[in-house]
Structure formats: structure tokens, C-alpha cells
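Containing compact mmCIF, N, CA and C atoms: data-v4.txt.
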```txt
# COMPACT_ATOMS: atom_id res chain seq x y z
N MET N 1 31.63 38.63 -9.89
CA MET N 1 32.87 37.87 -9.83
C MET N 1 33.49 38.03 -8.45
N GLY N 2 34.40 37.17 -8.18
CA GLY N 2 35.07 37.21 -6.89
C GLY N 2 36.49 37.75 -7.02
N ILE N 3 37.25 37.51 -5.99
CA ILE N 3 38.65 37.89 -5.97
C ILE N 3 39.44 36.70 -6.53
N VAL N 4 40.33 36.99 -7.46
CA VAL N 4 41.10 35.93 -8.12
C VAL N 4 42.59 36.25 -8.07
N ARG N 5 43.37 35.20 -8.29
CA ARG N 5 44.82 35.35 -8.46
C ARG N 5 45.19 34.70 -9.78
N ASP N 6 45.98 35.41 -10.56
CA ASP N 6 46.45 34.89 -11.84
C ASP N 6 47.92 35.24 -11.95
N THR N 7 48.77 34.23 -11.99
CA THR N 7 50.21 34.49 -12.03
C THR N 7 50.62 35.22 -13.30
N ASP N 8 49.77 35.22 -14.32
CA ASP N 8 50.08 35.94 -15.56
C ASP N 8 49.67 37.41 -15.50
N HIS N 9 49.05 37.81 -14.40
CA HIS N 9 48.57 39.19 -14.28
C HIS N 9 48.88 39.73 -12.89
N SER N 10 49.40 40.91 -12.81
CA SER N 10 49.68 41.59 -11.54
C SER N 10 50.57 40.75 -10.62
N ASP N 11 51.47 39.97 -11.22
CA ASP N 11 52.40 39.13 -10.45
C ASP N 11 51.68 38.24 -9.44
N GLY N 12 50.48 37.83 -9.77
CA GLY N 12 49.72 36.94 -8.89
C GLY N 12 49.02 37.63 -7.73
N ALA N 13 49.06 38.96 -7.70
CA ALA N 13 48.37 39.69 -6.64
C ALA N 13 46.87 39.48 -6.78
N PRO N 14 46.14 39.46 -5.66
CA PRO N 14 44.68 39.32 -5.75
C PRO N 14 44.07 40.49 -6.52
N THR N 15 43.20 40.15 -7.45
CA THR N 15 42.50 41.17 -8.23
C THR N 15 41.00 40.88 -8.22
N VAL N 16 40.23 41.89 -8.55
CA VAL N 16 38.79 41.71 -8.69
C VAL N 16 38.57 41.02 -10.03
N GLY N 17 37.98 39.83 -9.98
CA GLY N 17 37.81 39.01 -11.18
C GLY N 17 37.19 39.76 -12.33
N GLY N 18 37.78 39.58 -13.51
CA GLY N 18 37.25 40.20 -14.71
C GLY N 18 37.65 41.64 -14.93
N THR N 19 38.39 42.21 -13.97
CA THR N 19 38.76 43.62 -14.11
C THR N 19 40.26 43.86 -14.14
N GLY N 20 41.03 43.02 -13.47
CA GLY N 20 42.46 43.24 -13.37
C GLY N 20 42.82 44.30 -12.33
N ILE N 21 41.84 44.81 -11.62
CA ILE N 21 42.10 45.83 -10.60
C ILE N 21 42.52 45.14 -9.31
N ARG N 22 43.69 45.51 -8.81
CA ARG N 22 44.23 44.86 -7.63
C ARG N 22 43.47 45.23 -6.37
N VAL N 23 43.29 44.23 -5.51
CA VAL N 23 42.64 44.44 -4.21
C VAL N 23 43.38 45.53 -3.43
N ARG N 24 44.70 45.50 -3.48
CA ARG N 24 45.48 46.49 -2.72
C ARG N 24 45.22 47.92 -3.19
N ASP N 25 44.91 48.10 -4.49
CA ASP N 25 44.61 49.44 -4.99
C ASP N 25 43.26 49.94 -4.46
N VAL N 26 42.30 49.03 -4.37
CA VAL N 26 40.99 49.38 -3.81
C VAL N 26 41.15 49.72 -2.32
N ALA N 27 41.91 48.88 -1.61
CA ALA N 27 42.12 49.11 -0.18
C ALA N 27 42.85 50.42 0.06
N SER N 28 43.82 50.72 -0.77
CA SER N 28 44.58 51.97 -0.63
C SER N 28 43.68 53.18 -0.86
N ALA N 29 42.80 53.09 -1.84
CA ALA N 29 41.88 54.20 -2.11
C ALA N 29 41.00 54.47 -0.90
N SER N 30 40.63 53.40 -0.20
CA SER N 30 39.78 53.54 0.98
C SER N 30 40.58 53.98 2.20
N GLU N 31 41.61 53.22 2.51
CA GLU N 31 42.34 53.43 3.76
C GLU N 31 43.25 54.64 3.75
N HIS N 32 43.96 54.83 2.65
CA HIS N 32 44.96 55.90 2.62
C HIS N 32 44.44 57.20 2.02
N SER N 33 43.52 57.08 1.07
CA SER N 33 42.99 58.29 0.43
C SER N 33 41.65 58.71 0.98
N GLY N 34 41.01 57.82 1.76
CA GLY N 34 39.75 58.18 2.40
C GLY N 34 38.52 58.15 1.51
N TYR N 35 38.61 57.47 0.36
CA TYR N 35 37.45 57.40 -0.52
C TYR N 35 36.42 56.43 0.02
N SER N 36 35.16 56.76 -0.14
CA SER N 36 34.06 55.87 0.24
C SER N 36 33.91 54.81 -0.86
N PRO N 37 33.22 53.71 -0.56
CA PRO N 37 32.99 52.71 -1.61
C PRO N 37 32.33 53.29 -2.87
N ASP N 38 31.37 54.19 -2.69
CA ASP N 38 30.74 54.82 -3.86
C ASP N 38 31.75 55.63 -4.68
N GLU N 39 32.64 56.33 -4.00
CA GLU N 39 33.67 57.11 -4.71
C GLU N 39 34.66 56.20 -5.43
N ILE N 40 34.93 55.05 -4.84
CA ILE N 40 35.85 54.11 -5.48
C ILE N 40 35.26 53.59 -6.78
N THR N 41 33.94 53.38 -6.83
CA THR N 41 33.32 52.95 -8.09
C THR N 41 33.44 54.04 -9.16
N GLN N 42 33.56 55.28 -8.74
CA GLN N 42 33.76 56.36 -9.71
C GLN N 42 35.22 56.38 -10.18
N LEU N 43 36.15 56.06 -9.28
CA LEU N 43 37.57 55.98 -9.66
C LEU N 43 37.83 54.81 -10.59
N TYR N 44 37.14 53.70 -10.32
CA TYR N 44 37.29 52.47 -11.08
C TYR N 44 35.92 52.07 -11.63
N PRO N 45 35.52 52.64 -12.76
CA PRO N 45 34.17 52.39 -13.30
C PRO N 45 33.88 50.93 -13.62
N ASP N 46 34.92 50.09 -13.76
CA ASP N 46 34.69 48.68 -14.03
C ASP N 46 34.21 47.92 -12.79
N LEU N 47 34.31 48.54 -11.63
CA LEU N 47 33.90 47.89 -10.38
C LEU N 47 32.47 48.25 -10.01
N THR N 48 31.76 47.25 -9.53
CA THR N 48 30.44 47.50 -8.94
C THR N 48 30.64 47.79 -7.46
N LEU N 49 29.62 48.25 -6.82
CA LEU N 49 29.70 48.49 -5.38
C LEU N 49 29.98 47.17 -4.65
N GLY N 50 29.39 46.09 -5.12
CA GLY N 50 29.64 44.77 -4.54
C GLY N 50 31.09 44.36 -4.68
N ASP N 51 31.70 44.65 -5.85
CA ASP N 51 33.12 44.36 -6.06
C ASP N 51 33.98 45.10 -5.05
N VAL N 52 33.66 46.36 -4.84
CA VAL N 52 34.43 47.17 -3.88
C VAL N 52 34.33 46.57 -2.49
N HIS N 53 33.13 46.22 -2.08
CA HIS N 53 32.96 45.64 -0.75
C HIS N 53 33.68 44.30 -0.62
N ARG N 54 33.66 43.48 -1.68
CA ARG N 54 34.40 42.21 -1.67
C ARG N 54 35.89 42.46 -1.54
N ALA N 55 36.40 43.43 -2.27
CA ALA N 55 37.83 43.75 -2.22
C ALA N 55 38.21 44.26 -0.83
N LEU N 56 37.37 45.11 -0.25
CA LEU N 56 37.68 45.66 1.07
C LEU N 56 37.60 44.60 2.16
N ALA N 57 36.77 43.58 1.95
CA ALA N 57 36.62 42.52 2.95
C ALA N 57 37.64 41.40 2.77
N TYR N 58 38.34 41.40 1.63
CA TYR N 58 39.27 40.33 1.30
C TYR N 58 40.42 40.30 2.31
N ASP N 59 40.74 39.10 2.76
CA ASP N 59 41.85 38.91 3.69
C ASP N 59 42.74 37.82 3.14
N ASP N 60 43.95 38.19 2.71
CA ASP N 60 44.84 37.18 2.15
C ASP N 60 45.90 36.75 3.14
N SER N 61 45.70 37.01 4.41
CA SER N 61 46.70 36.66 5.43
C SER N 61 46.90 35.16 5.56
N GLY N 62 45.92 34.36 5.11
CA GLY N 62 46.03 32.92 5.20
C GLY N 62 46.81 32.31 4.05
N ASP N 63 47.18 33.11 3.07
CA ASP N 63 47.91 32.59 1.89
C ASP N 63 49.37 32.38 2.20
```
Please lay out the structure from this file as C-alpha cells.
Amino acid sequence: MGIVRDTDHSDGAPTVGGTGIRVRDVASASEHSGYSPDEITQLYPDLTLGDVHRALAYDDSGD
């Protein structure tokens, strides 16, 4: 799945499709807590490694 926005969930914040996990939470785990993508999949078992990489690469600055 990709990154989605749903106004009925997370106030429309970008989430990893099918999980409800916000992109900003994945980014925070990486940037602020220093977790590797593999460690993030352990924090969020619903995410695949591909999901983590998609979330980390997501750029919503154009929205």
C-alpha cells in the first residue's frame, strides 16, 4: 500500500495505507529517536520494511 490521507482518520494526516500509522510517527522514530528502518518495523509490526521506506521518503510539502 502507499501513503494515504483520510479526513476520517488522523485528522487527514498522511498515513501508511491499511495501517493508520502516521507518516510523521515513522519519521519521528527515525529522525528524533534514531531507530533504523528495521527497528521501526519492530516498533510497528503492521509495517513492512517497504512501508517504512515509503513513509521516510514521503514529502507532503507540495500539499
List every residue of chain N that DSSP, applied to the backbone, labels as helix (DSSP H, G or I), and write the result as a list in words. Ser10, Asp11, Gly12, Val23, Arg24, Asp25, Val26, Ala27, Ser28, Ala29, Ser30, Glu31, Pro37, Asp38, Glu39, Ile40, Thr41, Gln42, Leu43, Leu49, Gly50, Asp51, Val52, His53, Arg54, Ala55, Leu56 and Ala57 of chain N
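Interatomic distance, atom CA of N:Ser28 against atom CA of N:Thr41: 13.5 Å.
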N:Ala27: which residues within 6.5 Å, counting only N, CA and C atoms, same-chain residues fewer than 4 positions away excluded, as a ChimeraX atom specification? /N:22-23,31-32,55-56
Do you know which residues lie at most 8 Å from (33.9, 48.5, -4.7), with coordinates as in the file and all atoms listed in the file counted, and could you write them as a list in words?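 Residues with an atom at most 8 Å from (33.9, 48.5, -4.7): Val26, Ser36, Pro37, Asp38, Glu39, Ile40, Thr41, Gln42, Leu47, Thr48, Leu49, Gly50, Asp51, Val52, His53, Arg54, Ala55 and Leu56 of chain N.
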When you draw a straight line from atom C of N:Ser30 to atom CA of N:Asp8, how long is it in Å?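 Computing it gives 27.0 Å between the two atoms.
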Non-local contacts of N:Ile3 (5 Å; only N, CA and C atoms; under 3 positions in same chain excluded) as a ChimeraX atom specification: /N:15-17
Could you save the residues just selected, with N, CA and C atoms, as a PDB file, in the coordinates of the input?
```
ATOM      1  N   THR N  15      43.200  40.150  -7.450  1.00  0.00           N
ATOM      2  CA  THR N  15      42.500  41.170  -8.230  1.00  0.00           C
ATOM      3  C   THR N  15      41.000  40.880  -8.220  1.00  0.00           C
ATOM      4  N   VAL N  16      40.230  41.890  -8.550  1.00  0.00           N
ATOM      5  CA  VAL N  16      38.790  41.710  -8.690  1.00  0.00           C
ATOM      6  C   VAL N  16      38.570  41.020 -10.030  1.00  0.00           C
ATOM      7  N   GLY N  17      37.980  39.830  -9.980  1.00  0.00           N
ATOM      8  CA  GLY N  17      37.810  39.010 -11.180  1.00  0.00           C
ATOM      9  C   GLY N  17      37.190  39.760 -12.330  1.00  0.00           C
TER      10      GLY N  17
END
```
Could you pull out all residues of stretch 15-47 of chain N with a DSSP call of strand (DSSP E) and give them as a list of chain:residue names? N:Thr15, N:Val16, N:Ile21, N:Arg22
Could you jot down the atom CA of N:Ser33 to atom CA of N:Thr7 separation for me, Å, one decimal place?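 Between atom CA of N:Ser33 and atom CA of N:Thr7 the gap works out to 27.8 Å.
With distances restricted to all atoms listed in the file, N:Gly18 is the closest residue to N:Asp46 from N:Gly18, N:Gly12, N:Asp60, N:Ala29.
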